[in-house]
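Visitor: Have a look at the structure that comes next, please.
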Amino acid sequence: RYVTPLREGGSLPGIVEAEDLGTYVCKFRGAGQGPRVLVAEVVVAGLARLLEIPTPDQVVLDLDPEIARYEADEEVQDLINASAGPNLGIDFLPGSFGYDPTTIPDGELAGRVLWLDAFTANVDRSWRNPNLLVWRGTLQAIDHGASLYFHHSWPGSPGDPQRFAVQPYDISEHILRSHVAAARAQDAALVARLDDAALGEVLASVPDVWLEPVPGAATAQELRDRYVRFLGARRDSAERTRPWLPTDAGDGVGR
């Protein structure tokens, strides 16, 4: 059952109730940003779990377009009709509230969140839009769709993993920018958790239907392998020069 839209951002997610009696925030694959946003959501949430960063559970929601018949809002009707089949459901956390500067997070956890954002090039964790919740006293990282920008170029070009590997990360507006030292202190341990086998397992959780063919990667597995190459290249760069990991909260961008 479609309950209500969440009119935040451009994707128009909605609150839905599923047959497992769960309540979820549904991210629609028919939204204007396309299925690559759903891929980023699943991949980065999987990485977060490997790094012991709390993030809401995810499910695949099989959306019946018949639901659209009962919606008065034409925009919602169009979105549901365009999203028949598998969509992303993110566990709705009742009683959670948005993070603000009055909240004092665990320092090591905040450092891991900052490290993950730098690793995945997440551009959407600012003071204006923290994409962090506090639930049962614990920080929860949400809304990862603005990460992994490199895959948006794949329909026109396969891109270069080595270019992504050394791309600096701008923390000038990051809401957790004061935790650079904690991020750097945990760098070696976090890198060690993301070997190719771990990255492959994370990519295996992405449904094939969201992995749209692009030049040079005609199958879902070829696309998964390409993600692993890009993320692996960025991971391995940390062992040499750490070009993407910020060095100081005051300098804003990487090195």
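To be explicit about the labels: the chains of the structure tokens are called A, B, and onward in the order shown, and within each one the residues are counted from 1, while ligands get numbers from 1 in the order they are shown.
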Tell me, as a ChimeraX atom specification, which residues lie within 8 Å of Thr120 in chain A, counting only C-alpha atoms; anything in the same chain fewer than 3 positions away does not count.
Guide: /A:44,116-117,147-148,231
Visitor: Can you tell me, as a PyMOL selection string, which residues in range 160-230 of chain A count as alpha helix (DSSP H) by DSSP?
Guide: chain A and resi 161-165+180-185+187-193+196-204+220-230
Visitor: Just checking: using only C-alpha atoms, which residue out of A:Leu47, A:Gly159, A:Val166, A:Arg177 ends up closest to Asp196 in chain A?
Guide: A:Leu47
Visitor: Got a sec: who's within 7 Å of Ile53 in chain A, counting only C-alpha atoms, leaving out chain neighbours fewer than 4 positions off, as a PyMOL selection string?
Guide: chain A and resi 48-49+109+113
Visitor: Given the selection you just returned, output its residues as a file containing C-alpha atoms, formatted as a JSON list (two decimals), in the first residue's frame.
Guide:
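Output contents, as saved in part_32.json:
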[["chain", "number", "residue", "atom", "x", "y", "z"],
["A", 48, "ALA", "CA", 28.70, 0.84, 5.35],
["A", 49, "ARG", "CA", 27.80, -2.47, 6.97],
["A", 109, "LEU", "CA", 31.76, 6.30, 14.06],
["A", 113, "VAL", "CA", 31.18, 7.91, 7.98]]
Visitor: Hey, can you check how far CA of Gly30 in chain A sits from CA of Arg69 in chain A?
Guide: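 For CA of Gly30 in chain A relative to CA of Arg69 in chain A, the distance reads 16.9 Å.
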Visitor: A:Ser83, A:Thr138, A:Ser172, A:Gln221: which is nearest Ile67 in chain A, counting only C-alpha atoms?
Guide: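 Using only C-alpha atoms, the shortest distance to Ile67 in chain A belongs to A:Ser83.
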Visitor: Mind checking which residues fall within 6 Å of Gly14 in chain A, counting only C-alpha atoms, ignoring those fewer than 2 positions away in the same chain, and posting them as a list in words?
Guide: Thr4, Pro5, Leu6, Val25 and Cys26 of chain A
Visitor: Generate the output file for the selected residues, N, CA, C and O atoms, as a PDB file, in the first residue's frame.
Guide:
ATOM      1  N   THR A   4       2.207   7.600   1.594  1.00  0.00           N
ATOM      2  CA  THR A   4       2.359   9.041   1.381  1.00  0.00           C
ATOM      3  C   THR A   4       3.700   9.330   0.729  1.00  0.00           C
ATOM      4  O   THR A   4       4.662   8.584   0.939  1.00  0.00           O
ATOM      5  N   PRO A   5       3.779  10.376  -0.072  1.00  0.00           N
ATOM      6  CA  PRO A   5       5.082  10.736  -0.653  1.00  0.00           C
ATOM      7  C   PRO A   5       5.959  11.462   0.353  1.00  0.00           C
ATOM      8  O   PRO A   5       5.468  12.090   1.293  1.00  0.00           O
ATOM      9  N   LEU A   6       7.264  11.352   0.159  1.00  0.00           N
ATOM     10  CA  LEU A   6       8.230  12.155   0.899  1.00  0.00           C
ATOM     11  C   LEU A   6       8.771  13.184  -0.075  1.00  0.00           C
ATOM     12  O   LEU A   6       9.625  12.876  -0.898  1.00  0.00           O
ATOM     13  N   VAL A  25      10.637   3.146   3.228  1.00  0.00           N
ATOM     14  CA  VAL A  25      10.788   4.261   2.298  1.00  0.00           C
ATOM     15  C   VAL A  25      11.126   3.630   0.951  1.00  0.00           C
ATOM     16  O   VAL A  25      12.136   2.950   0.810  1.00  0.00           O
ATOM     17  N   CYS A  26      10.261   3.837  -0.027  1.00  0.00           N
ATOM     18  CA  CYS A  26      10.458   3.238  -1.350  1.00  0.00           C
ATOM     19  C   CYS A  26      11.173   4.231  -2.258  1.00  0.00           C
ATOM     20  O   CYS A  26      10.718   5.359  -2.448  1.00  0.00           O
TER      21      CYS A  26
END
Visitor: Which residue is closest to Val37 in chain A? Choose from A:Asp143, A:Asp236, A:Asp91, A:Asp225 and count only C-alpha atoms.
Guide: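 Counting only C-alpha atoms, the residue closest to Val37 in chain A is A:Asp143.
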Visitor: So, counting only C-alpha atoms, which residue among A:Val206, A:Leu61, A:Ala198, A:Ala118 is closest to Val42 in chain A?
Guide: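 Closest residue, counting only C-alpha atoms: A:Val206.
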Visitor: Which residues come within 10 Å of Val191 in chain A, counting only C-alpha atoms, excluding same-chain residues fewer than 4 positions away, as a VMD selection string?
Guide: chain A and resid 51 115 119 186 to 187 195 232 234 to 236 238 to 239
Visitor: Kindly indicate which residue among A:Ala233, A:Ala197, A:Leu203, A:Ile104 lies nearest to Asp160 in chain A, using only C-alpha atoms for the distances.
Guide: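 Counting only C-alpha atoms, the residue closest to Asp160 in chain A is A:Ala233.
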Visitor: Which residue, A:Ala204, A:Trp244, A:Val123, A:Ala218, has the smallest gap to Gln167 in chain A when you use only C-alpha atoms?
Guide: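 Of A:Ala204, A:Trp244, A:Val123, A:Ala218, the one nearest Gln167 in chain A is A:Trp244, counting only C-alpha atoms.
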Visitor: List as number ranges by chain the protein and nucleic acid residues near range 76-80 of chain A, meaning an atom at most 10 Å away when only C-alpha atoms are counted, but skip any in the same chain fewer than 2 places from it.
Guide: A: 2, 4-5, 11-14, 28-32, 63-74, 82-85
Visitor: Those residues with N, CA, C and O atoms, as a CSV table (one decimal), in the first residue's frame please?
Guide:
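As a result, selection_20.csv now contains:
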chain,number,residue,atom,x,y,z
A,2,TYR,N,0.6,2.1,-0.9
A,2,TYR,CA,1.3,3.4,-1.0
A,2,TYR,C,0.7,4.3,0.1
A,2,TYR,O,-0.5,4.6,0.0
A,4,THR,N,2.2,7.6,1.6
A,4,THR,CA,2.4,9.0,1.4
A,4,THR,C,3.7,9.3,0.7
A,4,THR,O,4.7,8.6,0.9
A,5,PRO,N,3.8,10.4,-0.1
A,5,PRO,CA,5.1,10.7,-0.7
A,5,PRO,C,6.0,11.5,0.4
A,5,PRO,O,5.5,12.1,1.3
A,11,SER,N,13.6,12.9,-6.3
A,11,SER,CA,13.2,11.5,-6.7
A,11,SER,C,11.9,11.1,-6.2
A,11,SER,O,11.3,10.1,-6.6
A,12,LEU,N,11.2,11.9,-5.3
A,12,LEU,CA,9.9,11.7,-4.8
A,12,LEU,C,9.8,10.3,-4.2
A,12,LEU,O,9.0,9.5,-4.7
A,13,PRO,N,10.6,9.9,-3.2
A,13,PRO,CA,10.4,8.6,-2.6
A,13,PRO,C,9.0,8.6,-1.8
A,13,PRO,O,8.4,9.7,-1.6
A,14,GLY,N,8.6,7.4,-1.5
A,14,GLY,CA,7.3,7.4,-0.8
A,14,GLY,C,7.3,6.3,0.4
A,14,GLY,O,8.1,5.4,0.4
A,28,PHE,N,12.0,4.7,-6.0
A,28,PHE,CA,11.4,4.1,-7.3
A,28,PHE,C,12.5,4.1,-8.4
A,28,PHE,O,13.1,5.1,-8.7
A,29,ARG,N,12.5,3.0,-9.1
A,29,ARG,CA,13.5,2.9,-10.2
A,29,ARG,C,13.0,3.7,-11.4
A,29,ARG,O,13.8,4.0,-12.3
A,30,GLY,N,11.7,4.1,-11.4
A,30,GLY,CA,11.2,4.9,-12.5
A,30,GLY,C,11.3,6.4,-12.3
A,30,GLY,O,10.9,7.2,-13.1
A,31,ALA,N,12.0,6.8,-11.2
A,31,ALA,CA,12.2,8.2,-10.9
A,31,ALA,C,13.2,8.7,-12.0
A,31,ALA,O,13.9,8.0,-12.6
A,32,GLY,N,13.2,10.0,-12.1
A,32,GLY,CA,14.0,10.7,-13.1
A,32,GLY,C,15.5,10.4,-13.0
A,32,GLY,O,16.2,10.4,-14.0
A,63,LEU,N,6.7,-3.9,-6.8
A,63,LEU,CA,5.6,-3.0,-6.9
A,63,LEU,C,4.6,-3.3,-8.0
A,63,LEU,O,4.9,-3.5,-9.1
A,64,ASP,N,3.3,-3.5,-7.6
A,64,ASP,CA,2.2,-3.8,-8.5
A,64,ASP,C,1.6,-2.5,-9.0
A,64,ASP,O,1.2,-1.7,-8.2
A,65,PRO,N,1.7,-2.3,-10.3
A,65,PRO,CA,1.1,-1.0,-10.8
A,65,PRO,C,-0.3,-0.8,-10.5
A,65,PRO,O,-0.8,0.4,-10.7
A,66,GLU,N,-1.1,-1.8,-10.1
A,66,GLU,CA,-2.5,-1.6,-9.8
A,66,GLU,C,-2.6,-0.6,-8.6
A,66,GLU,O,-3.7,0.0,-8.5
A,67,ILE,N,-1.6,-0.5,-7.8
A,67,ILE,CA,-1.6,0.5,-6.7
A,67,ILE,C,-1.9,1.9,-7.2
A,67,ILE,O,-2.6,2.7,-6.5
A,68,ALA,N,-1.5,2.2,-8.4
A,68,ALA,CA,-1.6,3.5,-8.9
A,68,ALA,C,-3.1,3.9,-9.1
A,68,ALA,O,-3.4,5.1,-9.1
A,69,ARG,N,-3.9,2.9,-9.3
A,69,ARG,CA,-5.4,3.2,-9.5
A,69,ARG,C,-6.0,3.9,-8.3
A,69,ARG,O,-7.0,4.6,-8.5
A,70,TYR,N,-5.4,3.8,-7.1
A,70,TYR,CA,-6.0,4.3,-5.9
A,70,TYR,C,-5.4,5.6,-5.5
A,70,TYR,O,-5.6,6.1,-4.4
A,71,GLU,N,-4.5,6.2,-6.3
A,71,GLU,CA,-3.8,7.4,-5.9
A,71,GLU,C,-4.4,8.6,-6.7
A,71,GLU,O,-4.5,8.5,-7.9
A,72,ALA,N,-4.7,9.6,-6.0
A,72,ALA,CA,-5.3,10.8,-6.6
A,72,ALA,C,-4.3,11.7,-7.3
A,72,ALA,O,-4.6,12.4,-8.3
A,73,ASP,N,-3.0,11.6,-6.8
A,73,ASP,CA,-2.0,12.5,-7.3
A,73,ASP,C,-1.5,11.9,-8.6
A,73,ASP,O,-0.9,10.8,-8.7
A,74,GLU,N,-1.6,12.7,-9.7
A,74,GLU,CA,-1.2,12.2,-11.0
A,74,GLU,C,0.3,11.9,-11.1
A,74,GLU,O,0.8,11.0,-11.8
A,82,ALA,N,5.6,3.8,-13.9
A,82,ALA,CA,6.9,3.7,-14.5
A,82,ALA,C,7.8,2.8,-13.7
A,82,ALA,O,8.9,2.5,-14.1
A,83,SER,N,7.4,2.3,-12.5
A,83,SER,CA,8.3,1.6,-11.6
A,83,SER,C,7.8,0.2,-11.3
A,83,SER,O,8.2,-0.4,-10.3
A,84,ALA,N,6.9,-0.4,-12.2
A,84,ALA,CA,6.4,-1.7,-11.9
A,84,ALA,C,7.6,-2.7,-11.8
A,84,ALA,O,8.6,-2.6,-12.5
A,85,GLY,N,7.5,-3.6,-10.8
A,85,GLY,CA,8.5,-4.6,-10.6
A,85,GLY,C,9.4,-4.2,-9.5
A,85,GLY,O,9.0,-3.6,-8.5
Visitor: Enter the distance from CA of Ala40 in chain A to CA of Ala146 in chain A, in Å, rounded to one decimal.
Guide: 7.4 Å
Visitor: Can you list, as a list of chain:residue names, all residues belonging to range 63-125 of chain A that DSSP tags as strand (DSSP E)?
Guide: A:Leu63, A:Gly85, A:Pro86, A:Asn87, A:Leu88, A:Gly89, A:Ile90, A:Asp91, A:Phe97, A:Gly98
Visitor: Please, what distance in Å, to one decimal, runs between CA of Arg242 in chain A and CA of Ala188 in chain A?
Guide: 10.7 Å
